[in-house]
Amino acid sequence: MVHPLDSGVSRHILRDMIRIRAVEEAIADRYGEQKMRCPTHLSIGQEGPAAAVGAVLGPEDLAVSGHRAHAHYLAKGGDLPAMIAEIYGKATGCSRGNGGSMHLVDEAVGFMGSTAIVGGTVPVGVGLALSLAVRRKPGLVCIFIGDAVLETGVFYESAGFAAVRKLPVLFVCENNLYSVYSPLEVRQPAGRALSDVAAAVGLQASSGDGNDPRAAYGLLKSAADRARSGDGPQFVELATYRWREHCGPLFDNDLGYRSEAEYLVWKARDPIPRLMQELREEGALDPAWLAAAEAEIRAEIEAAFAFAEASPFPDPVLASTDIYSREIAPFP
Amino acid sequence: MVHPLDSGVSRHILRDMIRIRAVEEAIADRYGEQKMRCPTHLSIGQEGPAAAVGAVLGPEDLAVSGHRAHAHYLAKGGDLPAMIAEIYGKATGCSRGNGGSMHLVDEAVGFMGSTAIVGGTVPVGVGLALSLAVRRKPGLVCIFIGDAVLETGVFYESAGFAAVRKLPVLFVCENNLYSVYSPLEVRQPAGRALSDVAAAVGLQASSGDGNDPRAAYGLLKSAADRARSGDGPQFVELATYRWREHCGPLFDNDLGYRSEAEYLVWKARDPIPRLMQELREEGALDPAWLAAAEAEIRAEIEAAFAFAEASPFPDPVLASTDIYSREIAPFP
Amino acid sequence: MTYAEAVRDALAVALEQDPAVIVYGLGAPDPKGVFGTTLGLQEQFGADRVFDMPTAENAMTGVGIGAALGGLRPVLTHQRLDFALLSLDQIINNAAKWRFMFGGRRGVPLTIRMILGRGWGQGPTHSQNLQAIFAHIPGLCVVSPATPADAKGLLLSAIFGQDPVIFLEHRWLHGARGETPAGDHRVPIGRAHRLRQGGDVTVVASSILSLEALQAVDHVALQGVACDLIDLRSIRPLDWDAIESSVRKTGRLLVLDPGHETGGVAGEIVARITTRCWGHLRAPPSRLAMPDAPESTSPALTLGYHVRAEHIAEAIGDLVGAPLEVSSLSARPHPHDVPGNDFQGPF
Amino acid sequence: MTYAEAVRDALAVALEQDPAVIVYGLGAPDPKGVFGTTLGLQEQFGADRVFDMPTAENAMTGVGIGAALGGLRPVLTHQRLDFALLSLDQIINNAAKWRFMFGGRRGVPLTIRMILGRGWGQGPTHSQNLQAIFAHIPGLCVVSPATPADAKGLLLSAIFGQDPVIFLEHRWLHGARGETPAGDHRVPIGRAHRLRQGGDVTVVASSILSLEALQAVDHVALQGVACDLIDLRSIRPLDWDAIESSVRKTGRLLVLDPGHETGGVAGEIVARITTRCWGHLRAPPSRLAMPDAPESTSPALTLGYHVRAEHIAEAIGDLVGAPLEVSSLSARPHPHDVPGNDFQGPF
Ligand SMILES: Cc1ncc(C[n+]2csc(CCOP(=O)(O)OP(=O)(O)O)c2C)c(N)n1
Ligand SMILES: Cc1ncc(C[n+]2csc(CCOP(=O)(O)OP(=O)(O)O)c2C)c(N)n1
Ligand SMILES: [Mg+2]
Ligand SMILES: [Mg+2]
């Protein structure tokens, strides 16, 4: 039985998921050392959507994201050592230590920024798409959002404008059912599917299982193709689940805001072993390749942490010169 | 041929439309005198929705509105002399002269306020509905909006919350195709019906012809009944058209942002002669009643302007004491 | 009790006392209860009156305004002031102006709690104290209590008042302890509190800087410099009389500001007091505020960012023209970017 | 040319010169062209680059930020500053901080025009000059030109700079005339302009108050009082050197502020100059600002609301301790609530 998706792409997705998980677990393992001194939101359990998007986007495509952005940054090709150094608050961080986990950027690979205000980068992504349209450049802008973003006014305003101008935007909504400790039903009307709302406001919308990353890839690829060919903005909702606490390295099912049973159901839907198993059954997974990939990833992560640890802290003087351009600064 | 709507209600609607039109025309006629010194948005041509709403709402119902609110204020039973005095900036105005045409209030009849920021009273209306729910009071809150409000984020945020809490809200959207000089297509995605958007975000929605006020009444009445019986928030879109310039007393089709032909089509759909004619055909319009109503209205308007003209201006001291309650004021 | 417990206590007293009081905000009924300040309130008072909300800050502020006009006394909580920037339209155009623009008959008794972040990498969008914005708006009250008792007393005054109140609550104060009167304890909005009395220098502070100032003032007192320490408690209205009468006595003014320096509240105080107390000033008034820069996430860059006791003591020394020993104030039992050793993240 | 024409001219020059420039806002291509400031630009430069937008101020500000990051130089227009309050999240949390929070590598060259309303019953929500809010935010530039030449020159500097700029444009200045250089005329952001020279009093003004001040300063000059009149042009960064060197000479400072007094920009200037020029001041510095109240719609209540030439002349007299003749300044050829007799509403 051969899966319609090219096995090279499938392995790319698998490798990305493994890599993202390993990075996040390394952060979780070391967070207690108190050297990563900033709020940190991990994507363990929900690597599927990011990895699938990573396989769909090309180098000319851009992306923005929110507070839970490690996976997106990495899937888009962001520099791993610079990300870890950023979480350490080091001068070699991708934001020179000013932004931390919640403010990642790597323009060299089109990751244009993630910020910590829910919905805050949504219009920024639409504006980037406007710049592509006005400058007649190829590509699209991927805007990563969580389910809570469909509560923010700025999402609707931005989606409306993107639709009016038929901009090349791909919204990727990771619906993990929660916003911090709050389930969907205390935040959004009962029976309102996120993708239906998106469709009604003028986006072409679809939805699927984010923990089946090859299925997600299919939805995303079609949507991206439509966006690139001038069909206007797209919206793909992907169901997934965060395993650990909203912010920080621990598990928190003991708090009671969601049930252990629910968590176990989702854990059983772990996208990584699932895809691994599928590829194995399809005869598309060479154990040697997998072992090598895992070893490479381990080494890469070790090196990234070593880099972060060894890097200097930023010079305090920067804190006051990073604010304006040289024509304006220093503000007297 | 008897119309299903009670003829008393029909005449109530007709009288309200005639009255609103007459008030607005009196304002337009006198605006050039330069005694009404504030931005003033008239509803001439689009009296249908307001009059129909007026017939649906009861005294325990509340209402809020936006910049074009004269018709809504009057239909809800607002005090006419106080409104005219307000436009004159007089101490006897409903907002003591501080608010002018764009900030009307008459809490005695449940008209809780109209303000000039597009979308600004939408969440206020939802909050009023929340207060009804928490205090277990009967009634609903009618939120008058224009088509442009469906571009504002705050509309979506408010509608979502109203739906989550199933609040007794009735959105009445007067879709007059324009926002100032801008037609719908430069502001909202092509093919996106306002009522479809409203339905998707969690409101029960319907749409109809606002210039057929009896049909509008039917839609509004059903929606209001649903809201009152705990079915949650409702949305009724009513197509209509403003005849004069966006702000001010004149006609402005010469500017070219809309065509004279379009205007003439809508003028032919004038809701007042239409309903008059229908009632006449149904034998439900006594010419003596109509003549008396028109005379009463004329007299009432004359008296209102005389009252406004004769009223004193507010005491300058008020401008600095109206800001805080007595416990806090005067701010040093 | 702690400051967080005092806030919770005020909410419980208000909810108990008046069925019109409602409490809502992101996470209001969550298992951690907004740093403990809302713990158990939903269980006690029901989901009708204590509830979560969508991430929709502007609308939910307008909802509070409408609810207040409908006879309720709503308390809205933002886990960071930074999120409330989404709601400045409703705060400035509606809440602050409702009384005025409808002729002065009634105001909007809406209380908006905003928690101020600091340290542990809160960074540029989770640590702003933009009190100056609110303090500039006619129609708003702004309070920023430093102690549990004032937190409770000002919160109850806000809830049961007739005006919109911005209630600024510093995350680092949540664990601070202090005597707190039981029951319906009120502290009037607009009245400062003199924490120390002395004739040499007037020190004006608020929020967490009142605690830093206490340390500094007590430290320099041992070196013979006696300060009036005025804890503002309210930022708008501001207790001008308290500052003025102190400055007429001391002739020296130091104002501490937990917000950015340029255009901050301290500048307003310096400007007004200079004009009013011109003949009494013996030295140029001075201020200590945050730099005109966002807070960085890097702990290396927050080290010198916040005003601390040692800076205050040094500034007092400058004002009296005597070099004082201040370095012993710099020693802290825990890293500079956390309120205490028990704080280990993640936010 | 008029101020409105100068704004339009700057936009046309920018659009002509650089294909990256885009101009948008509610009504940008409408038949009246935002009080004439955008007239014909869509016809000339195409609907791709000059366009209308939805009533969605927060998103459209974020769109401008993204467009700027994508290499464009966007100019967004709000017909009133009051509407921009919906977008303070994007302005403060994103535009102002982008450079800082991503490590200082690049900023957001976004220009946001905000028109300031006044009179003809603009009232509480169409007349706010909240420049103090923007001037408090690290990362923003704020300019408020008084003349057509400065409007053009500052707008071009804003558009072609590397930072977000709030461009404050007073509705009553649109009709004001003045010599305006042709072509790509730039006025540097952060530099004040001395409009009159004199040794007795330093008068600091901006926007429409610079014109009122000119009348007052010329009027008192005939009575022997010579003022330095400094037109700030930029509110942030602010030209501290220009004020300081003037005050060192005159020893007297009067600051005019078109915003509310408490927490306004004038207070910041008084505070900083007091501290810096302590030994040079011969009288307490003073300021004239709007009252701490919204503008009423009623013409009866706007009569004493705005700072006018006669108030300025009187304040100058107070500073020099000499009663001056000021009443002749009060005579105006038109009602107080319109910029001229040709203005007959409706907005
Ligand atoms: C405007 C705003 N309000 C509130 C918050 C606090 N907050 C941080 S993350 C978060 C949850 C967002 O949920 P979702 O979008 O579903 O993303 P998830 O965390 O589930 O990945 C909230 C409410 C914020 N950062 N910004
Ligand atoms: C937030 C905001 N943005 C812009 C404006 C300017 N404005 C005043 S009325 C109006 C048009 C609103 O159109 P619509 O809601 O369709 O109502 P209509 O005027 O057609 O009755 C606009 C954009 C405003 N008042 N508030
Ligand atoms: Mg989520
Ligand atoms: Mg309309």
# chains A, B, ... in the order shown; residues from 1 in each chain; ligands from 1
>>> interface_residues(of="chain D", to="chain A", cutoff="9 Å", atoms="only C-alpha atoms", output="PyMOL selection string")
chain D and resi 19-20+22+48-49+53-72+89-90+93-94+96-107+138-141+161-163+189-190+236-240
>>> interface_residues(of="chain A", to="chain B", cutoff="7 Å", atoms="only C-alpha atoms", output="list in words")
Glu151, Thr152, Gly153, Val154, Tyr156, Glu157, Gly160, Ala163, Val164, Val186, Arg187, Gln188, Pro189, Ala190, Arg192, Asp196, Val197, Ala200, Val201 and Gly202 of chain A
>>> residues_near_ligand(ligand="ligand 1", cutoff="9 Å", atoms="only C-alpha atoms and all ligand atoms", output="MDAnalysis selection string")
(chainID A and resid 41:43 66:69 115:120 145:152 173:182 184 241:242 246:247) or (chainID C and resid 26:27 54:57 78:80 82:86 125:126) or (chainID D and resid 89)
>>> atom_distance(atom1="atom CA of Pro164 of chain D", atom2="atom CA of Leu76 of chain D")
11.1 Å
>>> interface_residues(of="chain C", to="chain D", cutoff="8 Å", atoms="only C-alpha atoms", output="CSV table (one decimal) with N, CA and C atoms, in the first residue's frame")
chain,number,residue,atom,x,y,z
C,82,ASP,N,-0.5,45.1,29.4
C,82,ASP,CA,-0.2,45.1,27.9
C,82,ASP,C,-1.4,44.6,27.1
C,83,PHE,N,-2.2,43.7,27.6
C,83,PHE,CA,-3.4,43.2,26.8
C,83,PHE,C,-4.5,44.2,26.8
C,85,LEU,N,-4.2,47.2,26.2
C,85,LEU,CA,-4.0,48.2,25.1
C,85,LEU,C,-5.0,47.9,24.0
C,86,LEU,N,-5.5,46.7,23.9
C,86,LEU,CA,-6.5,46.4,22.9
C,86,LEU,C,-7.8,47.1,23.2
C,87,SER,N,-8.0,47.5,24.4
C,87,SER,CA,-9.3,48.1,24.8
C,87,SER,C,-9.3,49.6,25.1
C,88,LEU,N,-8.3,50.2,24.6
C,88,LEU,CA,-8.2,51.7,24.9
C,88,LEU,C,-9.3,52.5,24.3
C,89,ASP,N,-9.8,52.0,23.2
C,89,ASP,CA,-11.0,52.7,22.6
C,89,ASP,C,-12.2,52.7,23.5
C,92,ILE,N,-11.2,54.8,26.7
C,92,ILE,CA,-11.1,56.3,26.5
C,92,ILE,C,-12.3,56.9,25.9
C,93,ASN,N,-12.8,56.3,24.8
C,93,ASN,CA,-13.9,56.8,24.1
C,93,ASN,C,-15.3,56.6,24.8
C,97,LYS,N,-15.7,58.8,29.1
C,97,LYS,CA,-16.5,59.9,28.6
C,97,LYS,C,-18.0,59.8,28.8
C,100,PHE,N,-19.7,62.5,30.9
C,100,PHE,CA,-19.6,63.8,30.2
C,100,PHE,C,-20.5,63.9,29.0
C,101,MET,N,-20.3,62.9,28.1
C,101,MET,CA,-20.9,63.1,26.8
C,101,MET,C,-22.4,62.9,26.8
C,124,PRO,N,9.3,42.8,26.4
C,124,PRO,CA,8.7,44.0,25.8
C,124,PRO,C,7.1,44.0,25.9
C,125,THR,N,6.4,42.9,25.8
C,125,THR,CA,5.0,43.0,25.7
C,125,THR,C,4.3,42.4,26.9
C,132,ALA,N,0.8,56.2,32.8
C,132,ALA,CA,0.7,57.6,32.3
C,132,ALA,C,-0.4,57.8,31.3
C,133,ILE,N,-0.6,56.8,30.5
C,133,ILE,CA,-1.7,56.9,29.5
C,133,ILE,C,-3.0,57.1,30.2
C,135,ALA,N,-3.6,58.0,33.3
C,135,ALA,CA,-3.6,59.1,34.2
C,135,ALA,C,-3.8,60.4,33.4
C,136,HIS,N,-3.7,60.4,32.0
C,136,HIS,CA,-3.9,61.5,31.2
C,136,HIS,C,-5.3,61.7,30.8
C,137,ILE,N,-6.2,60.8,31.0
C,137,ILE,CA,-7.5,60.8,30.5
C,137,ILE,C,-8.6,61.3,31.5
C,138,PRO,N,-9.2,62.5,31.1
C,138,PRO,CA,-10.2,63.0,32.0
C,138,PRO,C,-11.4,62.0,32.1
C,139,GLY,N,-11.8,61.7,33.3
C,139,GLY,CA,-12.9,60.8,33.4
C,139,GLY,C,-12.5,59.4,34.0
C,260,HIS,N,7.8,54.6,32.2
C,260,HIS,CA,8.9,55.3,31.5
C,260,HIS,C,9.0,56.7,31.9
C,262,THR,N,10.0,59.7,30.2
C,262,THR,CA,9.5,60.8,29.3
C,262,THR,C,8.0,60.7,29.2
C,263,GLY,N,7.3,61.8,29.7
C,263,GLY,CA,5.9,61.8,29.6
C,263,GLY,C,5.2,61.0,30.7
C,264,GLY,N,6.0,60.7,31.7
C,264,GLY,CA,5.4,59.9,32.8
C,264,GLY,C,4.8,60.7,33.9
C,265,VAL,N,4.2,60.0,34.9
C,265,VAL,CA,3.5,60.7,35.9
C,265,VAL,C,4.4,61.5,36.8
C,267,GLY,N,6.9,63.3,35.9
C,267,GLY,CA,7.1,64.6,35.3
C,267,GLY,C,6.0,65.5,35.6
C,268,GLU,N,4.8,65.0,35.5
C,268,GLU,CA,3.6,65.8,35.9
C,268,GLU,C,3.7,66.4,37.3
C,270,VAL,N,6.5,66.7,39.1
C,270,VAL,CA,7.6,67.7,39.2
C,270,VAL,C,7.1,69.0,38.6
C,271,ALA,N,6.4,69.0,37.5
C,271,ALA,CA,6.0,70.2,36.8
C,271,ALA,C,5.1,71.0,37.7
C,272,ARG,N,4.0,70.3,38.2
C,272,ARG,CA,3.0,71.0,39.0
C,272,ARG,C,3.6,71.5,40.3
C,274,THR,N,6.7,72.2,41.1
C,274,THR,CA,7.6,73.3,40.8
C,274,THR,C,6.8,74.6,40.7
C,275,THR,N,5.8,74.6,40.0
C,275,THR,CA,5.0,75.8,39.8
C,275,THR,C,4.4,76.3,41.1
C,278,TRP,N,7.2,77.1,44.1
C,278,TRP,CA,8.4,77.7,43.6
C,278,TRP,C,9.3,78.3,44.7
C,284,PRO,N,16.7,71.6,42.9
C,284,PRO,CA,15.9,71.2,41.7
C,284,PRO,C,15.2,69.9,42.1
C,285,PRO,N,13.9,69.8,41.8
C,285,PRO,CA,13.2,68.6,42.0
C,285,PRO,C,13.7,67.5,41.1
C,286,SER,N,13.7,66.3,41.6
C,286,SER,CA,14.2,65.2,40.7
C,286,SER,C,13.3,64.0,40.7
C,292,ASP,N,13.6,55.1,29.0
C,292,ASP,CA,12.7,55.2,27.9
C,292,ASP,C,13.0,54.1,26.9
C,293,ALA,N,12.8,52.9,27.4
C,293,ALA,CA,13.0,51.7,26.7
C,293,ALA,C,12.1,50.6,27.2
C,294,PRO,N,11.8,49.6,26.3
C,294,PRO,CA,11.0,48.5,26.8
C,294,PRO,C,11.9,47.6,27.7
C,296,SER,N,13.7,44.4,28.4
C,296,SER,CA,14.2,43.3,27.6
C,296,SER,C,13.9,42.0,28.3
>>> atom_distance(atom1="atom CA of Arg282 of chain C", atom2="atom CA of Glu314 of chain C")
17.8 Å
>>> closest_residue(among="B:Gly248, B:Pro4, B:Gly89, B:Pro49", to="Gly121 of chain D", atoms="only C-alpha atoms")
B:Gly89
>>> select_by_dssp(residues="segment 22-235 of chain D", states="alpha helix (DSSP H)", output="PyMOL selection string")
chain D and resi 33-36+41-45+57-69+81-84+88+98-101+131-135+148-160+207-221
>>> residues_around(residues="Glu278 of chain A", least_positions_apart="4", cutoff="12 Å", atoms="only C-alpha atoms", output="VMD selection string")
chain A and resid 1 to 3 5 7 10 to 11 14 212 to 214 271 to 274 282 to 285
>>> select_by_dssp(residues="segment 61-185 of chain B", states="strand (DSSP E)", output="list in words")
Leu62, Ala63, Val64, Ser65, Phe111, Met112, Gly113, Ser114, Val141, Cys142, Ile143, Phe144, Ile145, Gly146, Val169, Leu170, Phe171, Val172, Cys173, Glu174, Asn175, Tyr178, Ser179, Ser182 and Pro183 of chain B
